[in-house]
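K.L.:
A single structure is presented below for examination.
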Amino acid sequence: MLSAAHYTTAVYAALCEVGRLPSSALEQFGEDGSRMEMIGGELSPGVESTSGSLGQTVSVGIGRAIARRARGSTGRIWVLISDGELQEGQTWEALQVAAHHGLGNLTVILDANGLQVDGPMSAIVDVEPIAEKVRAFGWSVAEIDGHDLPSIDRALAETAQDRPRFVIARTTPWQGIPSLQARYPNSLHFIRFREGEAAAALEDLHLTSIVA
Ligand SMILES: [Mg+2]
């Protein structure tokens with residue numbers, strides 16, 4: 001099950017990795033008329049439900065997790081959300097409901113990059129301390145470096161039978177591209193490169209093209 005909005009880039013890449021999409025499909029990303037939409041829609045590959053307005057995805061995941069448990073299915077529901085979604089009331093209602101139902105088959109991964117569309121989280125509505133709050137809601141909580149793959153593996157492997165799992169992945173939005181850091185604290189939600197900057201950024205990432 002995939003319910004995707006802004007994270008479709010990761011979803012498409014994962015679908016390519018498991019052979020459900022040819023890697024050539026990435027070349028159509030964001031093109032007019034393409035199903036490889038920047039914000040996942042009903043026709044986007046692998047997307048079964050959309051999650052915009054934002055803040056609805058944990059609720060969708062809860063419904064799926066309860067249904068899975070009711071029919072005796074194994075497996076987990078994985079939900080990837082942004083820290084900006086913690087500024088929306090529905091997310092907190094959902095966190096409360098998931099703990100109430102003891103959904104041990106649900107994992108939420110939070111991309112805690114400290115930014116939302118209008119700027120730094122702390123300048124809009126500060127949601128810290130996230131770990132303490134979510135733990136108080138009854139979840140099993142881990143806080144990790146979101147750029148460290150072994151840490152991600154370990155945090156996702158750990159589950160609790162009787163409570164949902166919440167992994168706070170601390171990230172920086174300019175990871176791997178130092179030139180973007182100079183723009184902070186202006187929002188990096190939408191990034192337009194000036195002439196030559198895109199090529200330099202790809203070089204920083206050790207790529208020659210987006211689909212390399
Ligand atoms: Mg964010």
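Just remember, in the structure tokens the first chain shown is A, the second B, etc., residues are 1-based per chain, and ligands are 1-based in the order shown.
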List every residue of region 6-203 of chain A that DSSP, applied to the backbone, labels as helix (DSSP H, G or I), and write the result as an MDAnalysis selection string.

P.N.:
chainID A and resid 8:17 23:28 57:70 83:87 89:100 121:124 130:136 149:157 178:181 197:203

K.L.:
Quick one: residues within 10 Å of ligand 1, with only C-alpha atoms and all ligand atoms, as a list in words?

P.N.:
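My answer, listing the contacting residues, is Ile81, Ser82, Asp83, Gly84, Glu85, Leu86, Leu110, Asp111, Ala112, Asn113, Gly114, Leu115, Gln116, Val117, Gly119, Pro120, Met121, Arg170, Thr171, Thr172, Pro173, Ser187, Leu188 and His189 of chain A.
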
K.L.:
So that I can check the secondary structure, give me every residue of region 124-180 of chain A assigned strand (DSSP E) by backbone DSSP, as a list in words.

P.N.:
Ser140, Val141, Ala142, Glu143, Ile144, Asp145, Arg165, Phe166, Val167, Ile168, Ala169 and Arg170 of chain A

K.L.:
So that I can see what lies close to region 145-162 of chain A, please list as a tab-separated table (two decimals) with N, CA, C and O atoms, in the first residue's frame the residues with an atom at most 10 Å from it, counting only C-alpha atoms and leaving out residues fewer than 2 positions away in the same chain.

P.N.:
chain	number	residue	atom	x	y	z
A	78	TRP	N	3.82	0.86	6.65
A	78	TRP	CA	4.87	1.86	6.81
A	78	TRP	C	4.33	3.21	6.34
A	78	TRP	O	3.80	3.32	5.24
A	99	ALA	N	-2.25	4.33	19.17
A	99	ALA	CA	-1.81	3.80	20.47
A	99	ALA	C	-2.98	3.12	21.18
A	99	ALA	O	-2.81	2.05	21.77
A	100	HIS	N	-4.16	3.72	21.10
A	100	HIS	CA	-5.33	3.13	21.75
A	100	HIS	C	-5.58	1.71	21.24
A	100	HIS	O	-5.93	0.82	22.01
A	101	HIS	N	-5.41	1.51	19.94
A	101	HIS	CA	-5.66	0.20	19.35
A	101	HIS	C	-4.44	-0.72	19.42
A	101	HIS	O	-4.49	-1.85	18.92
A	102	GLY	N	-3.35	-0.26	20.01
A	102	GLY	CA	-2.16	-1.10	20.18
A	102	GLY	C	-1.64	-1.66	18.86
A	102	GLY	O	-1.34	-2.85	18.77
A	103	LEU	N	-1.52	-0.79	17.86
A	103	LEU	CA	-1.18	-1.26	16.52
A	103	LEU	C	0.32	-1.57	16.38
A	103	LEU	O	1.11	-0.74	15.91
A	104	GLY	N	0.68	-2.76	16.81
A	104	GLY	CA	2.07	-3.20	16.72
A	104	GLY	C	2.53	-3.45	15.29
A	104	GLY	O	3.71	-3.67	15.06
A	105	ASN	N	1.61	-3.41	14.33
A	105	ASN	CA	1.97	-3.64	12.92
A	105	ASN	C	2.11	-2.34	12.13
A	105	ASN	O	2.09	-2.34	10.90
A	106	LEU	N	2.24	-1.22	12.85
A	106	LEU	CA	2.33	0.09	12.18
A	106	LEU	C	3.64	0.79	12.56
A	106	LEU	O	3.98	0.89	13.74
A	107	THR	N	4.37	1.25	11.55
A	107	THR	CA	5.58	2.06	11.79
A	107	THR	C	5.44	3.38	11.04
A	107	THR	O	5.13	3.40	9.85
A	108	VAL	N	5.67	4.47	11.75
A	108	VAL	CA	5.70	5.80	11.12
A	108	VAL	C	7.14	6.29	11.14
A	108	VAL	O	7.82	6.23	12.17
A	109	ILE	N	7.61	6.74	9.99
A	109	ILE	CA	8.95	7.32	9.89
A	109	ILE	C	8.78	8.82	9.65
A	109	ILE	O	8.12	9.23	8.68
A	110	LEU	N	9.35	9.62	10.53
A	110	LEU	CA	9.22	11.07	10.42
A	110	LEU	C	10.49	11.66	9.82
A	110	LEU	O	11.59	11.48	10.36
A	111	ASP	N	10.36	12.36	8.71
A	111	ASP	CA	11.48	13.10	8.13
A	111	ASP	C	11.54	14.44	8.86
A	111	ASP	O	10.86	15.40	8.50
A	112	ALA	N	12.35	14.49	9.91
A	112	ALA	CA	12.44	15.69	10.74
A	112	ALA	C	13.56	16.58	10.22
A	112	ALA	O	14.68	16.56	10.72
A	113	ASN	N	13.25	17.37	9.20
A	113	ASN	CA	14.28	18.23	8.59
A	113	ASN	C	14.21	19.66	9.10
A	113	ASN	O	14.94	20.54	8.62
A	138	GLY	N	1.99	7.04	23.86
A	138	GLY	CA	1.93	5.59	23.95
A	138	GLY	C	2.64	4.82	22.85
A	138	GLY	O	2.41	3.63	22.67
A	139	TRP	N	3.51	5.51	22.10
A	139	TRP	CA	4.23	4.85	21.02
A	139	TRP	C	5.62	4.41	21.47
A	139	TRP	O	6.20	4.99	22.39
A	140	SER	N	6.17	3.42	20.80
A	140	SER	CA	7.58	3.08	20.92
A	140	SER	C	8.34	4.05	20.01
A	140	SER	O	8.04	4.15	18.82
A	141	VAL	N	9.32	4.77	20.57
A	141	VAL	CA	9.96	5.86	19.82
A	141	VAL	C	11.47	5.66	19.71
A	141	VAL	O	12.12	5.26	20.69
A	142	ALA	N	12.01	5.94	18.53
A	142	ALA	CA	13.46	5.97	18.33
A	142	ALA	C	13.81	7.28	17.65
A	142	ALA	O	13.02	7.80	16.85
A	143	GLU	N	14.98	7.82	17.95
A	143	GLU	CA	15.44	9.06	17.32
A	143	GLU	C	16.81	8.79	16.73
A	143	GLU	O	17.73	8.39	17.45
A	164	PRO	N	2.41	0.90	18.47
A	164	PRO	CA	3.00	1.31	17.19
A	164	PRO	C	4.39	1.90	17.37
A	164	PRO	O	4.77	2.31	18.47
A	165	ARG	N	5.14	1.94	16.28
A	165	ARG	CA	6.54	2.36	16.30
A	165	ARG	C	6.69	3.70	15.58
A	165	ARG	O	6.14	3.90	14.50
A	166	PHE	N	7.44	4.62	16.18
A	166	PHE	CA	7.64	5.96	15.61
A	166	PHE	C	9.13	6.24	15.53
A	166	PHE	O	9.81	6.29	16.56
A	167	VAL	N	9.65	6.40	14.32
A	167	VAL	CA	11.08	6.64	14.14
A	167	VAL	C	11.29	8.09	13.68
A	167	VAL	O	10.83	8.49	12.61
A	168	ILE	N	11.97	8.86	14.52
A	168	ILE	CA	12.27	10.26	14.19
A	168	ILE	C	13.61	10.28	13.48
A	168	ILE	O	14.66	10.05	14.09
A	169	ALA	N	13.59	10.55	12.19
A	169	ALA	CA	14.82	10.58	11.40
A	169	ALA	C	15.24	12.04	11.22
A	169	ALA	O	14.62	12.79	10.47
A	170	ARG	N	16.28	12.45	11.94
A	170	ARG	CA	16.75	13.84	11.85
A	170	ARG	C	17.54	14.00	10.55
A	170	ARG	O	18.51	13.28	10.30
A	171	THR	N	17.12	14.95	9.73
A	171	THR	CA	17.77	15.14	8.43
A	171	THR	C	18.05	16.63	8.19
A	171	THR	O	17.51	17.49	8.87
A	172	THR	N	18.92	16.90	7.21
A	172	THR	CA	19.12	18.27	6.76
A	172	THR	C	18.73	18.33	5.29
A	172	THR	O	19.12	17.46	4.50
A	175	GLN	N	21.44	18.08	2.50
A	175	GLN	CA	22.38	16.96	2.59
A	175	GLN	C	23.03	16.65	1.24
A	175	GLN	O	22.34	16.42	0.25

K.L.:
Point out the residue among A:Ile62, A:Ala67, A:Leu207, A:Val127 with the least atom-to-atom distance to Gly89 (chain A), counting only C-alpha atoms.

P.N.:
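Looking at the shortest contact to Gly89 (chain A), the residue is A:Val127.
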
K.L.:
Which residue is closest to Gly46 (chain A)? Choose from A:Gly63, A:Gly72, A:Gly30, A:Gly19 and count only C-alpha atoms.

P.N.:
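Checking each candidate against Gly46 (chain A), we get A:Gly19 as the closest.
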
K.L.:
Give me, as number ranges by chain, all polymer residues having an atom no more than 10 Å from Gly176 (chain A), counting only C-alpha atoms and skipping those fewer than 5 positions away in the same chain.

P.N.:
A: 181, 201-206

K.L.:
Can you write just those residues out, C-alpha atoms, as an mmCIF file, in the first residue's frame?

P.N.:
data_model
loop_
_atom_site.group_PDB
_atom_site.id
_atom_site.type_symbol
_atom_site.label_atom_id
_atom_site.label_comp_id
_atom_site.auth_asym_id
_atom_site.auth_seq_id
_atom_site.Cartn_x
_atom_site.Cartn_y
_atom_site.Cartn_z
ATOM 1 C CA GLN A 181 22.856 25.486 2.846
ATOM 2 C CA ALA A 201 24.658 20.216 -7.404
ATOM 3 C CA LEU A 202 24.757 16.992 -9.407
ATOM 4 C CA GLU A 203 28.528 17.108 -9.193
ATOM 5 C CA ASP A 204 28.294 17.457 -5.404
ATOM 6 C CA LEU A 205 26.102 14.349 -5.406
ATOM 7 C CA HIS A 206 28.617 12.557 -7.630
#

K.L.:
May I ask which of the residues A:Ala70, A:Val134, A:Ile77, A:Ile124 is the closest one to Gln96 (chain A), counting only C-alpha atoms?

P.N.:
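Smallest separation from Gln96 (chain A) among the options: A:Val134.
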